[in-house]
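Chemist: File start_24.csv below, CSV, C-alpha atoms:
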```csv
chain,number,residue,atom,x,y,z
A,1,MET,CA,302.1,93.8,20.2
A,2,ALA,CA,302.9,90.3,19.0
A,3,THR,CA,302.3,87.9,16.2
A,4,GLU,CA,299.4,85.4,16.4
A,5,VAL,CA,300.4,81.9,15.6
A,6,ARG,CA,297.6,79.4,14.8
A,7,ILE,CA,298.4,75.9,15.8
A,8,PRO,CA,297.0,72.7,14.2
A,9,THR,CA,295.4,69.9,16.2
A,10,ILE,CA,298.5,67.7,15.8
A,11,LEU,CA,300.7,70.2,17.7
A,12,ARG,CA,298.2,71.4,20.4
A,13,ASN,CA,299.6,68.9,22.8
A,14,LEU,CA,302.6,71.2,22.9
A,15,THR,CA,300.6,74.4,23.5
A,16,ASN,CA,298.3,73.1,26.3
A,17,ASP,CA,295.6,72.6,23.7
A,18,ALA,CA,295.6,76.3,22.7
A,19,LYS,CA,294.4,76.8,19.1
A,20,ALA,CA,296.4,80.0,18.8
A,21,VAL,CA,299.4,81.4,20.7
A,22,GLU,CA,301.4,84.6,20.5
A,23,GLY,CA,305.1,85.1,19.8
A,24,LYS,CA,307.7,87.7,19.1
A,25,GLY,CA,310.4,87.9,16.4
A,26,ALA,CA,311.5,90.0,13.4
A,27,THR,CA,311.7,86.9,11.2
A,28,LEU,CA,309.9,83.6,11.1
A,29,LYS,CA,313.0,81.9,12.5
A,30,GLU,CA,313.1,84.3,15.5
A,31,LEU,CA,309.3,83.8,16.1
A,32,ILE,CA,309.7,80.0,16.1
A,33,ASP,CA,312.7,80.2,18.5
A,34,ASP,CA,310.6,82.4,20.8
A,35,LEU,CA,307.7,79.9,20.7
A,36,ASP,CA,310.1,77.0,21.4
A,37,ALA,CA,311.3,78.7,24.5
A,38,ARG,CA,307.8,78.7,25.9
A,39,TYR,CA,306.4,75.6,24.3
A,40,PRO,CA,309.5,73.3,24.2
A,41,GLY,CA,309.5,70.9,21.3
A,42,ILE,CA,307.5,73.0,18.9
A,43,GLY,CA,310.6,74.2,17.1
A,44,ALA,CA,311.7,70.7,16.2
A,45,ARG,CA,308.2,69.9,14.8
A,46,LEU,CA,308.5,72.8,12.4
A,47,VAL,CA,312.2,73.0,11.5
A,48,GLU,CA,314.7,70.3,10.6
A,49,ASP,CA,318.4,71.0,9.7
A,50,GLY,CA,317.7,74.7,9.5
A,51,LYS,CA,314.8,74.3,7.1
A,52,LEU,CA,311.0,74.1,7.3
A,53,ARG,CA,309.9,70.5,7.4
A,54,ARG,CA,308.3,69.4,4.2
A,55,PHE,CA,305.3,67.8,6.1
A,56,ILE,CA,304.3,71.2,7.4
A,57,ASN,CA,302.9,74.3,5.7
A,58,VAL,CA,303.5,77.6,7.3
A,59,TYR,CA,301.6,80.7,6.1
A,60,LEU,CA,302.4,84.3,6.8
A,61,ASN,CA,299.0,86.0,6.6
A,62,ASP,CA,297.7,84.6,3.2
A,63,GLU,CA,301.1,83.5,1.8
A,64,ASP,CA,302.8,80.2,2.0
A,65,VAL,CA,306.2,81.3,3.6
A,66,ARG,CA,308.1,79.1,1.1
A,67,PHE,CA,307.3,81.8,-1.4
A,68,VAL,CA,308.2,84.8,0.7
A,69,GLY,CA,311.6,83.9,2.2
A,70,GLY,CA,311.0,80.8,4.3
A,71,LEU,CA,312.5,81.0,7.8
A,72,ASP,CA,314.0,84.4,6.9
A,73,ALA,CA,310.6,85.9,6.0
A,74,PRO,CA,310.1,89.2,7.9
A,75,VAL,CA,307.3,89.1,10.4
A,76,ALA,CA,305.6,92.2,11.8
A,77,ASP,CA,303.4,92.9,14.8
A,78,GLY,CA,299.8,92.2,13.9
A,79,ASP,CA,300.7,89.5,11.4
A,80,THR,CA,299.1,86.1,11.6
A,81,VAL,CA,301.1,83.0,11.1
A,82,THR,CA,299.2,79.8,10.4
A,83,VAL,CA,300.7,76.3,10.7
A,84,LEU,CA,298.9,73.4,8.9
A,85,PRO,CA,300.1,69.9,8.3
A,86,ALA,CA,300.6,69.3,4.6
A,87,VAL,CA,298.1,66.8,3.1
A,88,ALA,CA,299.9,64.6,0.7
A,89,GLY,CA,300.6,61.0,-0.2
A,90,GLY,CA,300.5,58.6,-3.0
A,91,MET,CA,300.6,55.0,-4.1
A,92,ARG,CA,304.3,54.5,-3.4
B,1,MET,CA,283.7,52.9,11.9
B,2,LEU,CA,283.0,55.5,9.2
B,3,ARG,CA,279.3,56.3,8.6
B,4,ILE,CA,278.9,58.2,5.4
B,5,ASP,CA,275.9,59.3,3.4
B,6,ARG,CA,275.3,57.6,0.1
B,7,ALA,CA,275.3,60.9,-1.9
B,8,ILE,CA,278.7,61.9,-0.5
B,9,TYR,CA,280.1,58.4,-1.0
B,10,ASP,CA,279.0,58.5,-4.7
B,11,ARG,CA,280.5,61.9,-5.2
B,12,ILE,CA,283.9,60.8,-3.9
B,13,VAL,CA,283.9,57.8,-6.2
B,14,ALA,CA,282.8,60.0,-9.1
B,15,HIS,CA,285.6,62.5,-8.4
B,16,ALA,CA,288.2,59.7,-8.3
B,17,ARG,CA,286.8,58.3,-11.7
B,18,ARG,CA,286.8,61.7,-13.3
B,19,ASP,CA,290.5,62.5,-12.4
B,20,HIS,CA,291.7,59.0,-13.3
B,21,PRO,CA,294.5,58.3,-14.3
B,22,ASP,CA,295.6,61.0,-11.9
B,23,GLU,CA,295.1,60.7,-8.2
B,24,ALA,CA,292.1,62.7,-6.9
B,25,CYS,CA,291.9,64.1,-3.3
B,26,GLY,CA,289.7,66.1,-1.1
B,27,VAL,CA,288.1,66.4,2.3
B,28,VAL,CA,284.7,66.0,3.9
B,29,ALA,CA,284.1,68.5,6.7
B,30,GLY,CA,281.7,68.1,9.6
B,31,PRO,CA,280.9,69.8,12.8
B,32,GLU,CA,283.8,69.6,15.3
B,33,GLY,CA,283.6,66.5,17.4
B,34,SER,CA,280.5,65.1,15.6
B,35,ASP,CA,282.3,62.5,13.5
B,36,ARG,CA,279.7,63.3,10.8
B,37,PRO,CA,281.1,63.9,7.3
B,38,GLU,CA,278.7,66.4,5.8
B,39,ARG,CA,280.3,68.9,3.4
B,40,LEU,CA,282.4,67.6,0.5
B,41,VAL,CA,285.2,69.8,-0.7
B,42,GLU,CA,287.0,68.5,-3.8
B,43,MET,CA,290.6,69.6,-3.7
B,44,ALA,CA,293.0,70.1,-6.6
B,45,ASN,CA,295.9,67.7,-6.8
B,46,ALA,CA,298.8,70.1,-7.0
B,47,GLU,CA,301.0,67.3,-8.3
B,48,ARG,CA,298.6,66.2,-11.1
B,49,SER,CA,300.2,62.8,-10.9
B,50,PRO,CA,299.0,59.2,-11.2
B,51,THR,CA,301.3,58.2,-8.3
B,52,PHE,CA,301.2,61.2,-5.9
B,53,TYR,CA,298.9,63.8,-4.5
B,54,ARG,CA,299.3,67.0,-2.5
B,55,PHE,CA,296.8,69.6,-1.6
B,56,ASP,CA,297.6,72.9,-3.1
B,57,SER,CA,298.9,74.9,-0.1
B,58,HIS,CA,296.9,78.1,-0.8
B,59,GLU,CA,293.7,76.2,-1.5
B,60,GLN,CA,294.3,74.2,1.7
B,61,LEU,CA,294.6,77.4,3.8
B,62,LYS,CA,291.4,78.8,2.3
B,63,VAL,CA,289.5,75.6,3.0
B,64,TRP,CA,290.9,75.1,6.5
B,65,ARG,CA,290.0,78.7,7.4
B,66,GLU,CA,286.5,78.1,6.1
B,67,MET,CA,286.2,75.0,8.4
B,68,ASP,CA,287.5,77.0,11.3
B,69,ASP,CA,285.0,79.8,10.7
B,70,ARG,CA,282.2,77.2,10.6
B,71,ASP,CA,283.4,75.2,13.7
B,72,GLU,CA,284.1,72.3,11.4
B,73,GLU,CA,287.0,69.9,11.1
B,74,PRO,CA,288.2,67.5,8.4
B,75,VAL,CA,286.2,64.3,9.2
B,76,VAL,CA,287.3,62.5,6.1
B,77,ILE,CA,290.5,63.0,4.1
B,78,TYR,CA,290.3,61.0,0.8
B,79,HIS,CA,292.4,60.3,-2.1
B,80,SER,CA,292.5,57.7,-4.9
B,81,HIS,CA,295.1,55.1,-6.0
B,82,THR,CA,294.8,54.5,-9.7
B,83,ALA,CA,296.7,51.3,-10.1
B,84,THR,CA,297.1,49.7,-6.7
B,85,GLU,CA,294.8,48.6,-3.9
B,86,ALA,CA,292.9,51.0,-1.7
B,87,TYR,CA,295.4,50.7,1.2
B,88,PRO,CA,297.6,53.5,2.6
B,89,SER,CA,301.2,53.5,1.2
B,90,ARG,CA,304.2,54.3,3.3
B,91,THR,CA,304.1,57.9,2.0
B,92,ASP,CA,300.4,58.2,3.0
B,93,VAL,CA,301.3,57.1,6.5
B,94,SER,CA,304.3,59.4,6.9
B,95,TYR,CA,302.1,62.4,5.9
B,96,ALA,CA,299.0,61.5,7.9
B,97,SER,CA,298.7,64.1,10.5
B,98,GLU,CA,295.0,64.4,11.4
B,99,PRO,CA,294.5,61.9,14.2
B,100,ASN,CA,290.8,62.5,14.3
B,101,ALA,CA,290.2,62.0,10.6
B,102,HIS,CA,289.0,59.0,8.7
B,103,TYR,CA,291.5,58.4,5.8
B,104,VAL,CA,289.5,57.1,2.9
B,105,LEU,CA,291.2,55.4,0.0
B,106,VAL,CA,289.4,54.8,-3.3
B,107,SER,CA,291.0,52.6,-5.9
B,108,THR,CA,290.1,53.2,-9.6
B,109,ARG,CA,292.3,50.4,-10.9
B,110,ASP,CA,289.2,48.4,-11.9
B,111,PRO,CA,286.9,50.4,-14.2
B,112,ASP,CA,283.8,48.5,-13.1
B,113,THR,CA,284.2,48.2,-9.3
B,114,ALA,CA,285.2,50.9,-6.9
B,115,GLU,CA,287.2,49.9,-3.8
B,116,PHE,CA,286.3,52.3,-1.0
B,117,ARG,CA,288.0,51.7,2.3
B,118,SER,CA,288.6,53.7,5.4
B,119,TYR,CA,291.5,53.9,7.9
B,120,ARG,CA,292.6,55.6,11.1
B,121,ILE,CA,296.3,56.5,10.9
B,122,VAL,CA,297.7,57.5,14.3
B,123,ASP,CA,301.4,57.7,15.1
B,124,GLY,CA,302.3,55.8,12.0
B,125,GLU,CA,299.9,53.0,12.8
B,126,VAL,CA,297.2,52.0,10.3
B,127,THR,CA,293.9,50.5,11.4
B,128,GLU,CA,291.3,49.7,8.9
B,129,GLU,CA,287.7,50.3,9.9
B,130,PRO,CA,284.3,49.3,8.6
B,131,VAL,CA,282.4,51.7,6.3
B,132,GLU,CA,278.6,52.0,6.7
B,133,VAL,CA,276.9,53.8,3.9
B,134,THR,CA,273.7,55.4,5.0
B,135,GLY,CA,270.7,56.9,3.2
B,136,GLY,CA,268.8,55.5,0.3
B,137,ALA,CA,270.1,55.0,-3.2
```
Go ahead and express the file in the form of structure tokens.

Modeler:
Amino acid sequence: MATEVRIPTILRNLTNDAKAVEGKGATLKELIDDLDARYPGIGARLVEDGKLRRFINVYLNDEDVRFVGGLDAPVADGDTVTVLPAVAGGMR
Amino acid sequence: MLRIDRAIYDRIVAHARRDHPDEACGVVAGPEGSDRPERLVEMANAERSPTFYRFDSHEQLKVWREMDDRDEEPVVIYHSHTATEAYPSRTDVSYASEPNAHYVLVSTRDPDTAEFRSYRIVDGEVTEEPVEVTGGA
């Protein structure tokens, strides 16, 4: 068993165009490390200085992981992790 | 070039006017690869601010899943500027992460005239493109 990770368009160049990949880990951080070992570079697109990048939203099932422990959020087999680019901006 | 139906164009402008003086934001979904903006989804501005917008992360997940289920993609991502011209700011450019999307900016600074402009934003580079409004008035 593993955790399904859904990949947004902007990062699919790192996953050979796959929309979803599988990874293993007991926490979100371990899962991202596992993905980065197989899809080098993906870790740096998600994490910076030990924190999730603010331009990226990561969801564990239906929850924004920022509200359930961030990188320390526990991940279980059968969970789905979704990565989406944050949509934001403004006049300045 | 962005081709957009008159009815959707009008609804984007109306949304921007309604939320003024806060920035309004949303997406227009269309079939994957079609480049046809067909289904307007007004999004809440989680910042409720006259100078900044951000899609609410939960609403975004719901809407993006819906698009996924319907084999759609975000063809247009729009937001308004309420006091400045309809041109992407540095913040807009740094967040732009849908290379296939048309980034539409509406300025509501003038109450009588709506500025409606469209851009491609790829790797930090902004290119304005013509907008063709289709369909009758």

Chemist: Name all residues at most 7 Å from Pro74 (chain B) (count only C-alpha atoms; drop same-chain ones fewer than 4 positions away) and give them as a count of residues only.

Modeler: 5

Chemist: Can you list, as a PyMOL selection string, every protein, DNA or RNA residue that comes within 12 Å of region 11-15 of chain A when you count only C-alpha atoms, leaving out same-chain residues fewer than 5 positions away?

Modeler: (chain A and resi 5-6+20-22+35-46+56+83-85) or (chain B and resi 97-99)

Chemist: Produce a file of the selected residues containing C-alpha atoms, as a compact mmCIF listing (two decimals), in the coordinates of the input.

Modeler:
```txt
# COMPACT_ATOMS: atom_id res chain seq x y z
CA VAL A 5 300.40 81.90 15.60
CA ARG A 6 297.60 79.40 14.80
CA ALA A 20 296.40 80.00 18.80
CA VAL A 21 299.40 81.40 20.70
CA GLU A 22 301.40 84.60 20.50
CA LEU A 35 307.70 79.90 20.70
CA ASP A 36 310.10 77.00 21.40
CA ALA A 37 311.30 78.70 24.50
CA ARG A 38 307.80 78.70 25.90
CA TYR A 39 306.40 75.60 24.30
CA PRO A 40 309.50 73.30 24.20
CA GLY A 41 309.50 70.90 21.30
CA ILE A 42 307.50 73.00 18.90
CA GLY A 43 310.60 74.20 17.10
CA ALA A 44 311.70 70.70 16.20
CA ARG A 45 308.20 69.90 14.80
CA LEU A 46 308.50 72.80 12.40
CA ILE A 56 304.30 71.20 7.40
CA VAL A 83 300.70 76.30 10.70
CA LEU A 84 298.90 73.40 8.90
CA PRO A 85 300.10 69.90 8.30
CA SER B 97 298.70 64.10 10.50
CA GLU B 98 295.00 64.40 11.40
CA PRO B 99 294.50 61.90 14.20
```

Chemist: With 8 Å as the limit and counting all atoms listed in the file, what residues in chain B lie close to chain A? Please list them as a list of chain:residue names.

Modeler: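 Going by the stated atoms only, the list reads B:Glu23, B:Thr51, B:Phe52, B:Tyr53, B:Arg54, B:Phe55, B:Ser57, B:His58, B:Leu61, B:His81, B:Thr84, B:Pro88, B:Ser89, B:Arg90, B:Thr91, B:Asp92, B:Val93, B:Tyr95, B:Ala96, B:Ser97, B:Glu98, B:Pro99.
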
Chemist: I need the residue nearest Gly78 (chain A) from this list: A:Ile7, A:Leu60, A:Asp34, A:Lys29. Use all atoms listed in the file for the distance.

Modeler: A:Leu60

Chemist: One number please: CA of Val75 (chain A) to CA of Thr27 (chain A), in Å, one decimal.

Modeler: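 So the answer is 5.0 Å.
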
Chemist: Please provide as a PDB file with C-alpha atoms, keeping the file's coordinate frame all residues within 9 Å of Leu71 (chain A), with the sequence filter that same-chain residues fewer than 4 positions apart are discarded (counting all atoms listed in the file).

Modeler:
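After the write, part03.pdb holds the following:
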```
ATOM      1  CA  THR A  27     311.700  86.900  11.200  1.00  0.00           C
ATOM      2  CA  LEU A  28     309.900  83.600  11.100  1.00  0.00           C
ATOM      3  CA  LYS A  29     313.000  81.900  12.500  1.00  0.00           C
ATOM      4  CA  GLU A  30     313.100  84.300  15.500  1.00  0.00           C
ATOM      5  CA  ILE A  32     309.700  80.000  16.100  1.00  0.00           C
ATOM      6  CA  VAL A  47     312.200  73.000  11.500  1.00  0.00           C
ATOM      7  CA  GLY A  50     317.700  74.700   9.500  1.00  0.00           C
ATOM      8  CA  LYS A  51     314.800  74.300   7.100  1.00  0.00           C
ATOM      9  CA  LEU A  52     311.000  74.100   7.300  1.00  0.00           C
ATOM     10  CA  VAL A  65     306.200  81.300   3.600  1.00  0.00           C
ATOM     11  CA  ARG A  66     308.100  79.100   1.100  1.00  0.00           C
TER      12      ARG A  66
END
```

Chemist: Take the point (293.4, 49.4, -11.3) as written in the file and pick out every residue within 10 Å of it, counting all atoms listed in the file; give the list as a PDB file with C-alpha atoms, keeping the file's coordinate frame.

Modeler:
```pdb
ATOM      1  CA  HIS B  20     291.700  59.000 -13.300  1.00  0.00           C
ATOM      2  CA  PRO B  21     294.500  58.300 -14.300  1.00  0.00           C
ATOM      3  CA  HIS B  81     295.100  55.100  -6.000  1.00  0.00           C
ATOM      4  CA  THR B  82     294.800  54.500  -9.700  1.00  0.00           C
ATOM      5  CA  ALA B  83     296.700  51.300 -10.100  1.00  0.00           C
ATOM      6  CA  THR B  84     297.100  49.700  -6.700  1.00  0.00           C
ATOM      7  CA  GLU B  85     294.800  48.600  -3.900  1.00  0.00           C
ATOM      8  CA  ALA B  86     292.900  51.000  -1.700  1.00  0.00           C
ATOM      9  CA  SER B 107     291.000  52.600  -5.900  1.00  0.00           C
ATOM     10  CA  THR B 108     290.100  53.200  -9.600  1.00  0.00           C
ATOM     11  CA  ARG B 109     292.300  50.400 -10.900  1.00  0.00           C
ATOM     12  CA  ASP B 110     289.200  48.400 -11.900  1.00  0.00           C
ATOM     13  CA  PRO B 111     286.900  50.400 -14.200  1.00  0.00           C
ATOM     14  CA  ASP B 112     283.800  48.500 -13.100  1.00  0.00           C
ATOM     15  CA  THR B 113     284.200  48.200  -9.300  1.00  0.00           C
ATOM     16  CA  ALA B 114     285.200  50.900  -6.900  1.00  0.00           C
ATOM     17  CA  GLU B 115     287.200  49.900  -3.800  1.00  0.00           C
TER      18      GLU B 115
END
```

Chemist: So how far away is CA of Asp123 (chain B) from CA of Asp33 (chain A), in Å?

Modeler: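 The value is 25.4 Å.
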
Chemist: Give the answer as one residue: which of B:Pro50, B:Ser34, B:His79, B:Val41 has the shortest atom-to-atom distance to Glu66 (chain B), using only C-alpha atoms?

Modeler: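 For Glu66 (chain B), the nearest of the candidates is B:Val41.
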
Chemist: How many Å lie between CA of Pro37 (chain B) and CA of Asn100 (chain B), rounded to one decimal?

Modeler: 12.0 Å

Chemist: Tell me, as a list in words, which residues lie within 8 Å of Asn61 (chain A), counting only C-alpha atoms; anything in the same chain fewer than 4 positions away does not count.

Modeler: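 Result of the neighbour search: Asp79, Thr80, Val81 and Thr82 of chain A.
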
Chemist: Near Lys24 (chain A), counting only C-alpha atoms, which residues have an atom at most 7 Å away, once you skip same-chain residues fewer than 4 positions from it, shown as a ChimeraX atom specification?

Modeler: /A:2-3,31,34

Chemist: Please, could you write that set of residues out with C-alpha atoms as a PDB file, keeping the file's coordinate frame?

Modeler:
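Saved to part.pdb:
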```
ATOM      1  CA  ALA A   2     302.900  90.300  19.000  1.00  0.00           C
ATOM      2  CA  THR A   3     302.300  87.900  16.200  1.00  0.00           C
ATOM      3  CA  LEU A  31     309.300  83.800  16.100  1.00  0.00           C
ATOM      4  CA  ASP A  34     310.600  82.400  20.800  1.00  0.00           C
TER       5      ASP A  34
END
```

Chemist: Using the file's own x, y and z axes, so that the box edges lie along x, y and z, what centre and edge lengths in Å (one decimal) does a box around every listed atom of region 38-51 of chain A get when 6 Å is added on each side? Give it as JSON.

Modeler:
```
{"center_x": 312.4, "center_y": 74.3, "center_z": 16.5, "size_x": 24.0, "size_y": 20.8, "size_z": 30.8}
```
